[in-house]
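Asker: Okay, here's the structure, questions in a sec.
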Amino acid sequence: MRQVLLTSSLFFLFIHLSFSQTATLKGTVKDGSTGELLESASVVQLPANGTTTDEKGNYELQVTSGNITIVVSYIGMKPDTQSLKVKEGEIKTLNITLGGSPVELQQVVIGENKIGVKMQKVTQSVDVMKPRLLEANNITNMQGAVNKIPGVTVLDGQMSIRGGSGYAYGSGSRVLLVIDEMPLMTADRGEIKWPFIPIENVEQMEVIKGASTMQYGSSALNGVLNVTTAYARDTPSTRMTFFYEGMGKPPVDSFQWWKRDGQFFNNPNTAGMSFLHKQKFGAVDFVIGGMLQGSQSHLNEEYDYFTRFNTKLRWQPKKLQRLTLELTTNLMYRKSGFQFYWKDGGHPYLSASGVDIDERYFYAFIDPKIRFVDKKNNQHKLYTRIFRQNNLDGQTDFWIFGVDYQFRHDFGKIFRILTGVRNEHWMVNDGTLGKHVADFGGGFVQGEVNYKWFSMNLGIREEYVRLDSAIRPTIPVVRVGMNFEIRKFNYIRASFGQAFRVPSIAERFVDYNLAGIRILPNPTVRPERGFTAELGYKRSLKIGNWLGYFDAVMFWTEFKDMIEFTFGTKFDNTGFYPYFQSQNVSKARIFGWELSTYGEGKIGPVDFTTLLGYTYFYGVDLNDTATTKNVGDFLGDAFTHFVLPTPKSEPANPSADYEVWDSLTRGMLKYRNPHTFKADFDFVLFDKYRFGTSIQYYGFMSRVDKIFEVFINDVKQKRQQRLNRGDVAWDLRAGYDFNRNITLNFLVKNVLNADYAIRIAKPDKPRTYTVQLVVSFGGSSKTVAQSRFNNI
């Protein structure tokens with residue numbers, strides 16, 4: 001409460017001090033070739049007094065009176081210099097139109113340090129996905145989007161970046177979800193609820209790879225999924241999408257469907273629709289969207305039905321243009337079923353007995369926000385959130401109340417400082433976890449230097465955690481990053497960041513029985529800690545009007561007190577029983593590299609977008625006697641394990657070969673795919689014909705828990721049969737624009753009808769066929785794929 005009062009007092013003090021008379025320059029900056037207003041354009045009074053434009057292309061700058069020189073610039077465009085005279089107390093309007101063809105990809109990243117940064121100038125690895133690829137692939141759940149990002153895998157909803165996480169269903173995530181600058185994780189299990197992300201209104205999705213606790217706090221141990229939603233544009237627009245996906249034949253004839261004759265919608269399929277309307281009413285921006293979807297999985301006990309509605313309201317008073325008020329809401333009802341593992345290898349779509357879970361939930365959040373720029377161009381943000389999750393079957397009910405204040409001051413164009421404080425108050429009432437109250441609070445300060453070819457950021461954060469009556473302060477964490485433009489269009493970056501993750505309430509207090517296996521509590525489990533260091537190179541690419549970049553990076557990650565669900569047995573009055581429990585079991589080290597390319601634009605008559613990347617990592621448990629802590633020996637092992645030979649005994653003996661493999665991979669982290677390759681190519685010819693393809697390759701999962709090979713039928717046999725063989729999922733798509741308002745798309749996913757399972761004992765979908773209809777009105781009357789910046 002003291003933090004909230006202090007924050008509020010400082011905020012209103014800044015507003016009071018700002019209303020003093022001064023010479024002011026204001027206006028808009030737009031692209032001369034398209035007429036589009038430019039966000040994050042730089043407006044500087046020489047030598048070093050500057051600001052940037054907001055999301056509407058507006059700027060306001062306090063300047064000295066007399067004769068002044070103003071330089072306006074934007075990523076990849078020729079700067080414009082204006083000389084003018086202003087009087088003391090005068091408010092002068094100067095609108096700027098920038099021309100010239102872009103020479104680099106105009107992509108701005110927000111999530112890396114909460115300040116808009118040119119993609120080429122980031123100091124740690126960031127991948128970006130725009131709505132074009134979401135729509136082209138008929139992605140209706142953000143989980144499907146992140147699976148297309150190089151180096152990212154998702155196992156039963158648990159997101160892992162470059163091997164930072166294995167598999168631990170229902171435990172806390174090491175990747176933090178952020179929507180519009182506010183974290184959104186569940187209070188009970190600290191996990192991402194993927195269907196709750198309003199994908200129909202996503203303007204940009206960013207995956208920040210590596211430790212990001214300094215910027216965002218706990219749960220950002222392995223990275224951040226940053227989602228930015230769109231505002232209304234000058235012209236009203238409406239978009240509706242309808243889709244249906246049906247299953248093809250199982251990849252193996254003996255895999256009989258479990259379908260129920262005469263009940264069409266109980267057979268494997270997905271159907272749904274989404275809508276989005278954006279409109280301005282004077283100084284008010286209004287956005288409303290939603291999605292209805294029903295899905296019966298190819299797995300007989302898995303299904304997902306949900307209805308989601310969201311709104312976004314923004315008001316910028318004409319008499320107080322420095323003030324922005326915003327209110328965002330998101331509501332969802334969801335009924336779903338989850339299947340933990342198969343009956344056996346011959347019946348992979350059928351569930352084993354007692355390992356399915358049915359849930360009915362209601363989710364809602366409301367975000368009141370205030371942004372203010374004072375007369376000295378200091379930026380103030382006061383964000384709040386109320387988040388509710390309620391199990392309609394009466395087992396779970398939680399509330400999160402969050403408040404976040406940020407202050408930014410630019411010392412000219414060269415140096416800026418960002419600082420903030422945050423607190424979240426959690427109230428959890430769960431049948432398997434009990435009743436708990438928690439507070440997560442803290443503050444950070446971050447400085448950033450930008451000087452011609454060099455940029456650097458440095459920050460520190462400290463947090464405290466109060467769980468029930470116990471207060472647990474955390475150790476301060478720091479992050480430093482640098483970027484050098486070593487020659488035109490060539491950039492070198494280096495970064496080091498520390499991180500921690502506080503165990504979720506579920507990891508501490510869960511007490512549950514799943515098919516005879518107990519999940520036991522561990523109230524004394526300690527926070528995980530770690531760091532990520534990386535060295536990267538980025539090269540801008542330009543082919544005609546197609547702009548992109550090539551990126552290469554080496555990364556090094558270490559974790560201490562890593563939390564894993566550990567198997568064991570106990571004895572009570574009923575006898576011995578198996579159990580899993582969250583325990584601090586390992587010190588982990590991961591080294592690897594990643595190569596990726598992204599680009600968008602036109603080559604002749606073809607509008608072409610591509611995203612592709614290859615990732616390799618070697619991760620080990622340093623507590624295992626088979627591994628070495630010596631850095632030189634560890635690096636040698638990393639290169640040795642880059643290509644592991646497939647054991648082949650004579651005569652053929654799969655069991656013996658698997659034992660050899662087990663010795664080759666001893667000490668490696670479990671549930672990881674050391675090799676992955678992701679690629680997506682999207683083409684639009686003559687503004688109407690659409691073609692695309694995507695490929696995902698997952699190398700063989702090196703190790704799994706041996707107990708699963710014993711306890712789950714046929715897991716070991718399947719792994720022996722597929723020893724050291726990766727899995728490929730290949731998709732194709734085509735579409736046609738009937739006019740500027742209607743587009744029809746067809747997609748075939750898993751074209752080869754491959755029988756594969758990214759997560760053991762849970763096969764992925766066989767071949768599916770999807771038809772998608774997109775209808776749009778207003779705006780530029782273009783679909784997502786035709787828009788220059790890939791959003792409408």
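Ordering of the structure tokens sets the chain letters (A, B, ...); residue numbers start at 1 within each chain; ligands are numbered from 1 in the order shown.
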What's around Val71 (chain A) at 7 Å? Count only C-alpha atoms, leave out sequence neighbours fewer than 5 positions away in its own chain, and write the answer as a list in words.

Answerer: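 My list of contacting residues is Val43, Val44, Gln45, Pro79, Asp80, Thr81 and Gln82 of chain A.
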
Asker: Please report, as a list in words, each residue of region 253-363 of chain A to which DSSP assigns helix (DSSP H, G or I) when run on this structure's backbone.

Answerer: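 Those in region 253-363 of chain A that DSSP calls helix (DSSP H, G or I) are Phe264, Phe265, Asn266, Lys318, Lys319 and Leu320 of chain A.
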
Asker: For the residues in the current selection, export N, CA, C and O atoms as a short mmCIF file (atom, residue, chain, number, x, y, z; two decimals), in the first residue's frame.

Answerer:
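Result file again.cif:
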data_model
loop_
_atom_site.label_atom_id
_atom_site.label_comp_id
_atom_site.auth_asym_id
_atom_site.auth_seq_id
_atom_site.Cartn_x
_atom_site.Cartn_y
_atom_site.Cartn_z
N PHE A 264 -21.36 -35.79 -35.73
CA PHE A 264 -20.33 -35.16 -36.56
C PHE A 264 -19.36 -34.32 -35.75
O PHE A 264 -18.15 -34.42 -35.90
N PHE A 265 -19.88 -33.49 -34.88
CA PHE A 265 -19.01 -32.55 -34.17
C PHE A 265 -18.29 -33.19 -32.99
O PHE A 265 -17.58 -32.52 -32.26
N ASN A 266 -18.46 -34.49 -32.80
CA ASN A 266 -17.64 -35.20 -31.83
C ASN A 266 -16.45 -35.87 -32.49
O ASN A 266 -15.60 -36.43 -31.81
N LYS A 318 -8.36 16.52 -26.29
CA LYS A 318 -7.78 17.54 -27.16
C LYS A 318 -7.14 18.67 -26.36
O LYS A 318 -6.15 19.26 -26.80
N LYS A 319 -7.71 18.99 -25.21
CA LYS A 319 -7.16 20.08 -24.41
C LYS A 319 -5.97 19.63 -23.54
O LYS A 319 -5.28 20.46 -22.97
N LEU A 320 -5.80 18.34 -23.43
CA LEU A 320 -4.66 17.79 -22.67
C LEU A 320 -4.02 16.69 -23.52
O LEU A 320 -4.07 15.51 -23.19
#

Asker: Write out as an MDAnalysis selection string the residues lying within 8 Å of Asp621 (chain A), counting only C-alpha atoms and excluding same-chain residues fewer than 3 positions away.

Answerer: chainID A and resid 586:589 624 627 667:669

Asker: Grab the CA of Ile357 (chain A) to CA of Gln339 (chain A) distance for me, in Å with one decimal place.

Answerer: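 About the pair CA of Ile357 (chain A) and CA of Gln339 (chain A): they are 6.7 Å apart.
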
Asker: So how far away is CA of Lys670 (chain A) from CA of Pro766 (chain A), in Å?

Answerer: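 Distance reported for this atom pair: 25.7 Å.
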
Asker: When you count only C-alpha atoms, which of these residues is closest to Val449 (chain A): A:Lys209, A:Lys343, A:Arg416, A:Lys92?

Answerer: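 Among the listed residues, the smallest separation from Val449 (chain A) belongs to A:Arg416.
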
Asker: My list of candidates is A:Val428, A:Gly354, A:Gln498, A:Gly613. Which is closest to Gly459 (chain A) when distances are computed with only C-alpha atoms?

Answerer: A:Gln498

Asker: With a distance cut-off of 8 Å and only C-alpha atoms, select the neighbouring residues of Thr665 (chain A), excluding the residue or stretch itself and same-chain residues fewer than 3 positions from it, and output the selection as an MDAnalysis selection string.

Answerer: chainID A and resid 661:662 668 702:703

Asker: For Asn450 (chain A), find every residue with an atom within 12 Å (counting only C-alpha atoms), except residues of its own chain fewer than 2 positions away, and show them as a PyMOL selection string.

Answerer: chain A and resi 48+117-118+121-123+410-417+447-448+452-457+481-485

Asker: Rank A:Asn95, A:Thr53, A:Asn753, A:Ser776 by their smallest atom-to-atom distance to Gly248 (chain A), using only C-alpha atoms, and report the top residue only.

Answerer: A:Asn753

Asker: So, with only C-alpha atoms as the atoms that count, which of A:Lys335, A:Lys560, A:Lys312, A:His409 lies closest to Thr52 (chain A)?

Answerer: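 Nearest to Thr52 (chain A): A:His409.
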